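Text of start.tsv (TSV, C-alpha atoms) as supplied:
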chain	number	residue	atom	x	y	z
A	1	MET	CA	-15.00	54.67	10.21
A	2	LYS	CA	-18.10	52.61	10.92
A	3	LYS	CA	-17.98	51.00	7.46
A	4	ALA	CA	-14.31	50.10	7.78
A	5	THR	CA	-14.81	48.47	11.19
A	6	THR	CA	-17.75	46.43	9.92
A	7	TRP	CA	-15.65	45.16	6.99
A	8	TRP	CA	-12.88	44.12	9.36
A	9	ALA	CA	-15.36	42.29	11.56
A	10	ALA	CA	-16.90	40.49	8.59
A	11	ALA	CA	-13.46	39.47	7.34
A	12	LEU	CA	-12.54	38.10	10.75
A	13	LEU	CA	-15.74	36.07	10.84
A	14	VAL	CA	-15.31	34.66	7.35
A	15	LEU	CA	-11.60	33.82	7.76
A	16	PRO	CA	-12.04	30.79	10.06
A	17	VAL	CA	-14.68	29.39	7.70
A	18	ILE	CA	-12.32	29.73	4.73
A	19	LEU	CA	-9.49	28.15	6.73
A	20	THR	CA	-11.73	25.26	7.71
A	21	LEU	CA	-12.92	24.68	4.15
A	22	ALA	CA	-9.40	24.88	2.73
A	23	GLY	CA	-8.64	21.39	4.03
A	24	CYS	CA	-11.78	19.84	2.57
A	25	SER	CA	-11.50	17.94	-0.69
A	26	SER	CA	-13.48	15.10	-2.18
A	27	THR	CA	-12.16	11.59	-1.57
A	28	ALA	CA	-14.11	10.26	-4.56
A	29	GLY	CA	-12.21	9.47	-7.73
A	30	ILE	CA	-12.55	7.38	-10.87
A	31	GLU	CA	-13.28	3.69	-10.96
A	32	GLY	CA	-12.46	1.09	-13.58
A	33	SER	CA	-13.74	-2.45	-13.58
A	34	SER	CA	-13.11	-5.52	-15.67
A	35	ALA	CA	-14.56	-9.01	-15.49
A	36	ALA	CA	-13.30	-12.22	-17.05
A	37	MET	CA	-16.15	-14.73	-17.19
A	38	LYS	CA	-16.25	-18.06	-18.98
A	39	ASP	CA	-19.19	-18.62	-21.35
A	40	ALA	CA	-21.01	-21.94	-21.90
A	41	GLU	CA	-18.33	-23.07	-24.36
A	42	GLY	CA	-15.53	-22.31	-21.90
A	43	ASN	CA	-14.25	-19.20	-23.72
A	44	VAL	CA	-13.28	-16.28	-21.49
A	45	GLN	CA	-15.41	-13.17	-22.11
A	46	TYR	CA	-14.14	-9.81	-20.88
A	47	SER	CA	-16.27	-6.81	-19.99
A	48	GLU	CA	-15.04	-3.40	-18.89
A	49	TYR	CA	-16.49	-0.16	-17.61
A	50	VAL	CA	-15.29	3.10	-16.13
A	51	VAL	CA	-17.25	5.15	-13.59
A	52	ILE	CA	-16.43	8.79	-12.93
A	53	ASN	CA	-17.33	9.71	-9.36
A	54	ASN	CA	-15.28	12.87	-9.34
A	55	PRO	CA	-15.17	14.92	-12.57
A	56	LYS	CA	-12.20	16.90	-11.24
A	57	VAL	CA	-10.06	13.74	-11.12
A	58	ALA	CA	-11.37	12.64	-14.54
A	59	ARG	CA	-10.36	15.99	-16.03
A	60	GLY	CA	-6.75	15.28	-15.09
A	61	LEU	CA	-6.49	11.52	-15.46
A	62	GLN	CA	-7.96	9.13	-17.99
A	63	ILE	CA	-8.22	5.36	-17.88
A	64	VAL	CA	-7.24	4.53	-21.45
A	65	GLU	CA	-7.43	0.76	-21.27
A	66	LEU	CA	-8.44	-1.92	-18.80
A	67	THR	CA	-7.22	-5.39	-19.60
A	68	SER	CA	-7.06	-8.61	-17.67
A	69	LYS	CA	-5.69	-12.06	-18.33
A	70	PHE	CA	-5.00	-15.23	-16.40
A	71	VAL	CA	-1.41	-15.89	-15.40
A	72	GLY	CA	-1.61	-19.52	-14.39
A	73	ASP	CA	-4.92	-19.41	-12.55
A	74	LEU	CA	-4.47	-15.92	-11.07
A	75	LEU	CA	-6.25	-12.93	-12.63
A	76	MET	CA	-3.85	-10.19	-13.64
A	77	ALA	CA	-5.08	-6.63	-14.17
A	78	ASN	CA	-3.39	-4.12	-16.43
A	79	ILE	CA	-4.57	-0.50	-16.43
A	80	ALA	CA	-3.24	2.06	-18.89
A	81	LEU	CA	-3.49	5.66	-17.68
A	82	VAL	CA	-2.73	8.99	-19.26
A	83	SER	CA	-2.38	12.35	-17.55
A	84	LYS	CA	-4.26	15.18	-19.20
A	85	TYR	CA	-2.51	17.81	-17.10
A	86	SER	CA	0.86	19.28	-17.96
A	87	ASP	CA	1.82	19.47	-14.27
A	88	THR	CA	2.83	16.69	-11.90
A	89	GLU	CA	-0.08	15.22	-9.95
A	90	GLU	CA	-0.17	12.77	-7.06
A	91	TYR	CA	-2.75	9.98	-6.97
A	92	GLN	CA	-3.50	6.76	-5.12
A	93	TYR	CA	-4.97	3.52	-6.44
A	94	GLN	CA	-6.63	0.58	-4.79
A	95	PHE	CA	-7.49	-2.79	-6.31
A	96	SER	CA	-10.53	-4.82	-5.23
A	97	TRP	CA	-11.02	-8.41	-6.36
A	98	PHE	CA	-14.26	-10.42	-6.74
A	99	ASP	CA	-15.10	-14.04	-7.46
A	100	GLY	CA	-17.56	-15.21	-10.14
A	101	ASP	CA	-20.52	-14.52	-7.85
A	102	GLY	CA	-19.37	-10.98	-7.14
A	103	ILE	CA	-18.16	-11.73	-3.61
A	104	ALA	CA	-15.17	-9.59	-2.59
A	105	LEU	CA	-11.96	-11.52	-1.92
A	106	ASP	CA	-9.96	-10.45	1.13
A	107	PRO	CA	-11.58	-6.96	1.33
A	108	GLU	CA	-9.74	-6.13	4.57
A	109	ALA	CA	-6.42	-6.41	2.76
A	110	TYR	CA	-7.07	-3.71	0.15
A	111	THR	CA	-4.58	-0.86	0.46
A	112	TRP	CA	-4.15	2.49	-1.23
A	113	ILE	CA	-0.86	2.70	-3.15
A	114	PRO	CA	0.48	6.18	-4.00
A	115	PHE	CA	1.77	7.03	-7.48
A	116	ILE	CA	2.88	10.11	-9.38
A	117	MET	CA	1.82	11.16	-12.88
A	118	TYR	CA	4.11	13.65	-14.57
A	119	GLY	CA	2.75	16.09	-17.14
A	120	ASN	CA	0.93	14.27	-19.98
A	121	GLU	CA	2.60	11.03	-18.97
A	122	SER	CA	1.17	7.60	-19.77
A	123	LYS	CA	1.61	4.90	-17.17
A	124	THR	CA	0.58	1.31	-16.61
A	125	ILE	CA	-0.53	-0.08	-13.27
A	126	GLN	CA	-0.63	-3.81	-12.67
A	127	GLY	CA	-2.16	-5.98	-10.00
A	128	VAL	CA	-2.61	-9.68	-9.40
A	129	SER	CA	-5.57	-11.29	-7.66
A	130	PRO	CA	-4.95	-12.50	-4.12
A	131	ASN	CA	-6.05	-16.05	-5.04
A	132	PRO	CA	-7.32	-18.12	-8.00
A	133	ALA	CA	-11.02	-17.48	-7.20
A	134	ALA	CA	-10.92	-13.96	-8.72
A	135	ARG	CA	-12.92	-13.34	-11.89
A	136	LYS	CA	-13.40	-9.59	-11.66
A	137	PHE	CA	-11.37	-6.63	-10.47
A	138	LYS	CA	-12.05	-2.99	-9.73
A	139	ILE	CA	-9.53	-0.19	-9.49
A	140	ASN	CA	-10.28	3.05	-7.66
A	141	ILE	CA	-8.11	6.07	-8.32
A	142	ARG	CA	-8.24	9.29	-6.35
A	143	THR	CA	-6.03	12.29	-5.67
A	144	ARG	CA	-3.77	12.28	-2.63
B	1	MET	CA	-20.32	55.07	17.41
B	2	GLN	CA	-20.42	53.63	20.91
B	3	LYS	CA	-22.30	50.57	19.55
B	4	ILE	CA	-19.53	49.81	17.10
B	5	LYS	CA	-16.86	50.01	19.77
B	6	THR	CA	-18.54	47.32	21.92
B	7	GLY	CA	-19.63	45.21	18.91
B	8	PHE	CA	-16.17	44.96	17.38
B	9	PRO	CA	-14.42	43.20	20.31
B	10	LEU	CA	-17.37	40.83	20.52
B	11	LEU	CA	-17.04	39.86	16.85
B	12	LEU	CA	-13.31	39.51	17.33
B	13	ALA	CA	-13.88	37.15	20.25
B	14	ILE	CA	-16.37	35.06	18.21
B	15	ALA	CA	-13.90	34.79	15.34
B	16	ALA	CA	-11.11	33.76	17.72
B	17	LEU	CA	-13.37	31.17	19.35
B	18	ALA	CA	-14.37	29.79	15.95
B	19	ALA	CA	-10.72	29.50	14.95
B	20	LEU	CA	-9.74	27.83	18.21
B	21	ALA	CA	-12.72	25.46	18.25
B	22	GLY	CA	-10.73	22.74	16.49
B	23	CYS	CA	-7.71	23.05	18.76
B	24	SER	CA	-8.59	20.32	21.26
B	25	THR	CA	-6.99	16.85	21.20
B	26	THR	CA	-9.05	14.34	19.24
B	27	TYR	CA	-8.84	10.57	18.81
B	28	ASP	CA	-10.22	8.64	15.89
B	29	TYR	CA	-9.93	5.39	13.97
B	30	GLY	CA	-7.92	5.64	10.77
B	31	ASP	CA	-7.92	3.53	7.63
B	32	ALA	CA	-5.16	0.90	7.91
B	33	GLY	CA	-5.13	0.76	4.11
B	34	ASP	CA	-4.43	4.50	3.81
B	35	VAL	CA	-1.97	5.51	6.50
B	36	PRO	CA	-0.91	9.18	6.28
B	37	VAL	CA	2.72	10.09	5.58
B	38	TYR	CA	4.17	12.41	8.21
B	39	ASP	CA	7.91	12.07	7.62
B	40	THR	CA	10.59	10.40	5.52
B	41	ASP	CA	11.02	7.45	7.91
B	42	PHE	CA	10.03	4.00	6.74
B	43	GLY	CA	6.28	3.76	7.29
B	44	ALA	CA	3.22	1.55	6.93
B	45	THR	CA	2.48	2.70	3.35
B	46	ASP	CA	6.04	1.74	2.36
B	47	LEU	CA	5.57	-1.70	3.91
B	48	GLN	CA	2.27	-2.17	2.05
B	49	GLN	CA	3.78	-1.05	-1.27
B	50	ILE	CA	6.70	-3.45	-0.87
B	51	ALA	CA	4.46	-6.38	0.10
B	52	ALA	CA	2.11	-5.73	-2.87
B	53	LYS	CA	4.97	-5.41	-5.38
B	54	MET	CA	6.92	-8.45	-4.19
B	55	THR	CA	3.88	-10.71	-4.00
B	56	THR	CA	2.65	-9.69	-7.47
B	57	SER	CA	6.10	-10.07	-9.00
B	58	LEU	CA	6.69	-13.52	-7.51
B	59	LEU	CA	3.24	-14.86	-8.37
B	60	ILE	CA	3.43	-13.91	-12.06
B	61	PHE	CA	7.08	-14.81	-12.73
B	62	PRO	CA	6.75	-17.47	-15.49
B	63	PRO	CA	9.04	-20.20	-14.00
B	64	ILE	CA	7.30	-19.77	-10.63
B	65	VAL	CA	3.86	-19.97	-12.32
B	66	GLN	CA	4.99	-23.24	-13.89
B	67	ILE	CA	6.23	-24.65	-10.56
B	68	THR	CA	3.15	-23.57	-8.59
B	69	ASN	CA	0.83	-25.05	-11.24
B	70	GLU	CA	2.34	-28.45	-10.45
B	71	ARG	CA	2.76	-28.26	-6.66
B	72	ARG	CA	2.76	-25.97	-3.62
B	73	PRO	CA	6.46	-25.51	-2.84
B	74	VAL	CA	7.60	-25.13	0.79
B	75	ILE	CA	9.43	-21.88	1.55
B	76	VAL	CA	11.34	-20.69	4.58
B	77	VAL	CA	11.67	-16.93	5.14
B	78	GLU	CA	14.91	-15.41	6.37
B	79	LYS	CA	14.90	-12.14	8.34
B	80	VAL	CA	15.37	-8.99	6.21
B	81	LYS	CA	18.88	-7.50	6.44
B	82	ASN	CA	18.22	-3.96	7.58
B	83	LYS	CA	21.00	-1.81	6.11
B	84	THR	CA	19.27	1.47	6.92
B	85	THR	CA	20.08	3.77	9.84
B	86	GLN	CA	16.56	3.34	11.20
B	87	HIS	CA	15.16	0.79	13.58
B	88	ILE	CA	12.61	-0.98	11.38
B	89	ASP	CA	10.53	-3.99	12.29
B	90	THR	CA	11.56	-5.83	9.12
B	91	GLU	CA	9.84	-8.99	10.31
B	92	SER	CA	6.50	-7.31	9.72
B	93	VAL	CA	7.51	-6.74	6.07
B	94	THR	CA	8.23	-10.44	5.54
B	95	ASP	CA	5.15	-11.34	7.60
B	96	SER	CA	2.97	-9.34	5.17
B	97	ILE	CA	4.62	-10.93	2.12
B	98	ARG	CA	4.33	-14.41	3.64
B	99	THR	CA	0.66	-13.88	4.52
B	100	LYS	CA	-0.19	-12.76	0.98
B	101	LEU	CA	1.69	-15.70	-0.53
B	102	ILE	CA	0.01	-18.22	1.78
B	103	ARG	CA	-3.41	-16.75	1.02
B	104	SER	CA	-2.74	-17.09	-2.71
B	105	GLY	CA	-2.78	-20.85	-2.14
B	106	LYS	CA	0.40	-21.21	-4.18
B	107	PHE	CA	3.01	-21.76	-1.46
B	108	ARG	CA	3.45	-23.37	1.92
B	109	PHE	CA	5.78	-21.97	4.56
B	110	LEU	CA	7.90	-23.19	7.43
B	111	ASP	CA	7.92	-20.93	10.48
B	112	LYS	CA	11.31	-21.01	12.17
B	113	SER	CA	10.21	-18.50	14.81
B	114	THR	CA	7.93	-21.07	16.48
B	115	ASP	CA	10.44	-23.98	16.43
B	116	GLY	CA	10.95	-23.68	20.21
B	117	GLN	CA	7.23	-24.07	20.93
B	118	THR	CA	6.97	-26.89	18.37
B	119	ILE	CA	9.78	-28.87	20.05
B	120	SER	CA	8.27	-28.50	23.51
B	121	GLU	CA	4.82	-29.54	22.21
B	122	ILE	CA	6.23	-32.65	20.47
B	123	LYS	CA	8.12	-33.53	23.72
B	124	ARG	CA	4.92	-33.02	25.72
B	125	GLN	CA	2.93	-35.26	23.36
B	126	GLN	CA	5.57	-38.01	23.53
B	127	GLU	CA	6.62	-37.85	27.18
B	128	GLN	CA	3.59	-36.90	29.28
B	129	GLY	CA	1.57	-39.95	28.30
B	130	LEU	CA	-1.60	-37.97	27.66
B	131	THR	CA	-1.62	-38.23	23.86
B	132	LYS	CA	-2.43	-41.43	21.94
B	133	GLN	CA	0.94	-42.59	20.64
B	134	SER	CA	-0.60	-43.29	17.22
B	135	GLN	CA	-1.52	-39.58	16.97
B	136	ALA	CA	1.49	-38.04	18.72
B	137	ALA	CA	3.72	-35.87	16.52
B	138	GLN	CA	7.16	-37.36	15.92
B	139	PHE	CA	10.53	-35.73	15.59
B	140	GLY	CA	12.05	-35.90	12.11
B	141	THR	CA	8.78	-35.93	10.18
B	142	GLN	CA	8.49	-32.27	9.20
B	143	GLU	CA	8.76	-31.12	5.59
B	144	GLY	CA	12.02	-29.60	4.44
B	145	ALA	CA	11.95	-26.23	2.69
B	146	GLU	CA	12.60	-26.27	-1.05
B	147	PHE	CA	13.19	-22.51	-1.28
B	148	ILE	CA	14.54	-19.77	0.97
B	149	LEU	CA	13.25	-16.19	0.70
B	150	THR	CA	15.88	-13.57	1.62
B	151	ALA	CA	15.74	-9.77	1.51
B	152	ASN	CA	17.76	-6.58	2.01
B	153	LEU	CA	16.52	-3.10	2.82
B	154	SER	CA	18.90	-0.24	2.14
B	155	GLU	CA	18.62	3.52	2.38
B	156	ILE	CA	20.35	6.54	0.84
B	157	SER	CA	19.67	9.88	2.47
B	158	GLN	CA	20.44	13.31	1.02
B	159	LYS	CA	20.01	16.78	2.48
B	160	LYS	CA	19.98	20.20	0.87
B	161	GLU	CA	19.74	23.60	2.55
B	162	GLU	CA	18.29	26.51	0.60
B	163	PHE	CA	17.53	30.04	1.72
B	164	TRP	CA	13.81	29.38	2.05
B	165	ASN	CA	13.72	25.62	2.66
B	166	LYS	CA	15.52	22.68	4.17
B	167	LYS	CA	15.06	19.62	1.98
B	168	LYS	CA	15.59	15.97	2.72
B	169	ALA	CA	15.31	13.10	0.26
B	170	VAL	CA	15.39	9.48	1.34
B	171	TYR	CA	15.65	6.62	-1.13
B	172	TYR	CA	14.77	3.10	-0.02
B	173	LYS	CA	15.54	-0.06	-1.92
B	174	PHE	CA	14.05	-3.40	-0.96
B	175	THR	CA	15.55	-6.40	-2.73
B	176	MET	CA	14.12	-9.88	-2.40
B	177	ASN	CA	15.50	-13.20	-3.66
B	178	LEU	CA	14.12	-16.71	-3.87
B	179	LYS	CA	16.83	-19.37	-3.80
B	180	ASN	CA	16.40	-23.05	-4.46
B	181	LEU	CA	17.93	-24.78	-1.42
B	182	ARG	CA	18.58	-28.03	-3.25
B	183	THR	CA	20.28	-26.58	-6.33
B	184	GLY	CA	21.58	-23.26	-4.98
B	185	ILE	CA	20.05	-21.48	-7.96
B	186	LEU	CA	18.47	-18.05	-7.49
B	187	GLU	CA	15.05	-18.67	-9.06
B	188	TRP	CA	13.57	-15.18	-8.69
B	189	SER	CA	14.63	-11.72	-7.63
B	190	ASP	CA	13.02	-8.29	-7.64
B	191	GLU	CA	13.41	-4.80	-6.23
B	192	LYS	CA	11.07	-2.10	-5.01
B	193	GLU	CA	12.36	1.45	-4.87
B	194	ILE	CA	10.67	4.16	-2.82
B	195	SER	CA	11.59	7.82	-2.70
B	196	LYS	CA	10.37	10.16	0.05
B	197	LEU	CA	10.86	13.90	0.16
B	198	LYS	CA	10.56	16.38	2.99
B	199	THR	CA	10.60	20.15	2.63
B	200	ASP	CA	10.86	22.25	5.79
B	201	PRO	CA	10.22	25.97	5.26
B	202	ARG	CA	12.65	28.13	7.28
B	203	PHE	CA	9.98	30.78	7.80
B	204	GLY	CA	6.40	30.17	8.76
B	205	TYR	CA	5.03	26.66	9.17

Represent the structure contained in this file as structure tokens.
Amino acid sequence: MKKATTWWAAALLVLPVILTLAGCSSTAGIEGSSAAMKDAEGNVQYSEYVVINNPKVARGLQIVELTSKFVGDLLMANIALVSKYSDTEEYQYQFSWFDGDGIALDPEAYTWIPFIMYGNESKTIQGVSPNPAARKFKINIRTR
Amino acid sequence: MQKIKTGFPLLLAIAALAALAGCSTTYDYGDAGDVPVYDTDFGATDLQQIAAKMTTSLLIFPPIVQITNERRPVIVVEKVKNKTTQHIDTESVTDSIRTKLIRSGKFRFLDKSTDGQTISEIKRQQEQGLTKQSQAAQFGTQEGAEFILTANLSEISQKKEEFWNKKKAVYYKFTMNLKNLRTGILEWSDEKEISKLKTDPRFGY
């Protein structure tokens, strides 16, 4: 009788903790970045990198390709994604834009845009710089 | 045995207190760039998605790129035709699109909503005798718009009742057009579709 009552009490104590933790999930995700810089001869050189801040997101979603090009004088970003899960997953992305000195352009205007990836789907996300000063972009992707 | 009897209600009370600890009203700042979705009504995230899509589409459309490489065309924005059943501040949608386009440095805009104030200010400058006449704004000198930006927002709503759930699906379509006022030609058009789903369980919450 004593043992059973103690178990009940322990369960009641642990339950609120579990309920509280159930709503906690990491807001970190994966980050892709690409820069388009002109060299001394005026040719545009592109560099790309991907940072994984949340391995759980990276297990389900992969940045396959990061490309950028100038449309007129605006920098256009093209990100190819592929889902590694067979289920439907919901994500959000946010573009950030930087000039040649690495100064963020219009950082207050960055918004998170929701998108859905169906099982093993490949998808392309596009963005255009807010003004012609942009030379580098960053995309952050996280789960919703 | 007596110890257990008094200890158990105490533990129960602690657990209840712990569970109820978060039940008071709280106020906080949120992220304007990540507004939560609580229902299927048209919301801030929808507005931001539409503004982002329309701005991107217009800025990279090849004939528009060609035009904006040569000059900064003047655009006038018409109010969005709201064909939904909701009361939506559609002006804030066009305001967001206009702001993004102005900040791109590619377009200039006329603001019809401040025409009243503009007229009274020009009258004041000309009639009160306070402004140097060489610097006073004149009637009939403003730029004329080359393009007009028009838009429609429509909605299709569907409901389905199941044994366990009540489901609601709302589809929004935002269509935007750029028309050349001098030639009457529609130079650009694009759509943004948004689908929102709501599932209400009949039992539980």

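Checking A:Lys136, A:Leu81, A:Tyr91, A:Met117 one by one against A:Ile103, counting only C-alpha atoms, you find the shortest gap at A:Lys136.
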
> Using only C-alpha atoms, which of A:Gly119, A:Pro107, A:Gly60, A:Pro55 sits nearest chain B?
Replying inline: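 So, comparing all the options, the nearest one is A:Pro107.
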
I want to know what sits within 9 Å of B:Lys112, based on all atoms listed in the file, with residues of the same chain fewer than 5 positions away left out; could you give that as a PDB file with C-alpha atoms, keeping the file's coordinate frame?
ATOM      1  CA  VAL B  76      11.340 -20.690   4.580  1.00  0.00           C
ATOM      2  CA  VAL B  77      11.670 -16.930   5.140  1.00  0.00           C
ATOM      3  CA  GLU B  78      14.910 -15.410   6.370  1.00  0.00           C
TER       4      GLU B  78
END

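For the pair atom CA of B:Phe163 and atom CA of B:Thr199, the separation is 12.1 Å.
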
For chain B, which residues have at least one atom within 6 Å of chain A, if we go by only C-alpha atoms? Write them as a PDB file with C-alpha atoms, in the coordinates of the input, please.
ATOM      1  CA  ALA B  15     -13.900  34.790  15.340  1.00  0.00           C
ATOM      2  CA  ALA B  19     -10.720  29.500  14.950  1.00  0.00           C
ATOM      3  CA  GLY B  33      -5.130   0.760   4.110  1.00  0.00           C
ATOM      4  CA  ASP B  34      -4.430   4.500   3.810  1.00  0.00           C
ATOM      5  CA  THR B  56       2.650  -9.690  -7.470  1.00  0.00           C
ATOM      6  CA  VAL B  65       3.860 -19.970 -12.320  1.00  0.00           C
ATOM      7  CA  SER B 104      -2.740 -17.090  -2.710  1.00  0.00           C
TER       8      SER B 104
END

Need the neighbours of (-0.5, -0.3, 7.6): which residues are at most 8 Å away, counting all atoms listed in the file, as an mmCIF file with C-alpha atoms, in the frame of the given file?
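Result file result01.cif:
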data_model
loop_
_atom_site.group_PDB
_atom_site.id
_atom_site.type_symbol
_atom_site.label_atom_id
_atom_site.label_comp_id
_atom_site.auth_asym_id
_atom_site.auth_seq_id
_atom_site.Cartn_x
_atom_site.Cartn_y
_atom_site.Cartn_z
ATOM 1 C CA ALA B 32 -5.160 0.900 7.910
ATOM 2 C CA GLY B 33 -5.130 0.760 4.110
ATOM 3 C CA ASP B 34 -4.430 4.500 3.810
ATOM 4 C CA VAL B 35 -1.970 5.510 6.500
ATOM 5 C CA GLY B 43 6.280 3.760 7.290
ATOM 6 C CA ALA B 44 3.220 1.550 6.930
ATOM 7 C CA THR B 45 2.480 2.700 3.350
ATOM 8 C CA LEU B 47 5.570 -1.700 3.910
ATOM 9 C CA GLN B 48 2.270 -2.170 2.050
#

> Near B:Thr55, within 12 Å and counting only C-alpha atoms, which residues show up once chain neighbours fewer than 6 positions away are dropped, as a PyMOL selection string?
Replying inline: (chain A and resi 126-131) or (chain B and resi 48-49+61+64+93-104+106-107+149+176-178+188-192)

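The spacing separating atom CA of A:Phe137 from atom CA of A:Val50 amounts to 11.9 Å.
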
> Which neighbours of B:Glu193 fall inside 8 Å, counting only C-alpha atoms, when residues of the same chain fewer than 4 positions from it are skipped, and could you give them as a ChimeraX atom specification?
Replying inline: /B:171-174

Go through stretch 20-122 of chain B and flag each residue having an atom no more than 12 Å from stretch 155-160 of chain B; for those, report the closest pair of atoms plus their distance in Å to one decimal, using all atoms listed in the file, ordered by chain and rising number, as CSV.
residue,atom,partner,partner_atom,distance
B:Thr40,CA,B:Ser157,CA,9.6
B:Asp41,CA,B:Glu155,CA,10.2
B:Phe42,CA,B:Glu155,CA,9.6
B:Lys81,CA,B:Glu155,CA,11.7
B:Asn82,CA,B:Glu155,CA,9.1
B:Lys83,CA,B:Glu155,CA,6.9
B:Thr84,CA,B:Glu155,CA,5.0
B:Thr85,CA,B:Glu155,CA,7.6
B:Gln86,CA,B:Glu155,CA,9.1
B:Ile88,CA,B:Glu155,CA,11.7

>> If I take atom CA of A:Phe98 and atom CA of A:Arg135, how far is one from the other in Å, to one decimal?
In response: 6.1 Å

> Got a sec to check which residues sit within 12 Å of (5.4, -28.8, -4.9), counting only C-alpha atoms, and write them as JSON, numbers by chain?
Replying inline: {"B": [64, 65, 66, 67, 68, 69, 70, 71, 72, 73, 74, 75, 105, 106, 107, 108, 109, 143, 144, 145, 146, 147]}

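Ranking B:Leu12, B:Thr175, B:Ile50, B:Gly30 by their shortest atom-to-atom distance to B:Asn152, with all atoms listed in the file included, puts B:Thr175 first.
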
>> Quick one: residues within 6 Å of A:Leu61, all atoms listed in the file, excluding same-chain residues fewer than 4 positions away - as an MDAnalysis selection string?
In response: chainID A and resid 82:84

Would you output that residue set with C-alpha atoms, as a tab-separated table (two decimals), in the frame of the given file?
chain	number	residue	atom	x	y	z
A	82	VAL	CA	-2.73	8.99	-19.26
A	83	SER	CA	-2.38	12.35	-17.55
A	84	LYS	CA	-4.26	15.18	-19.20
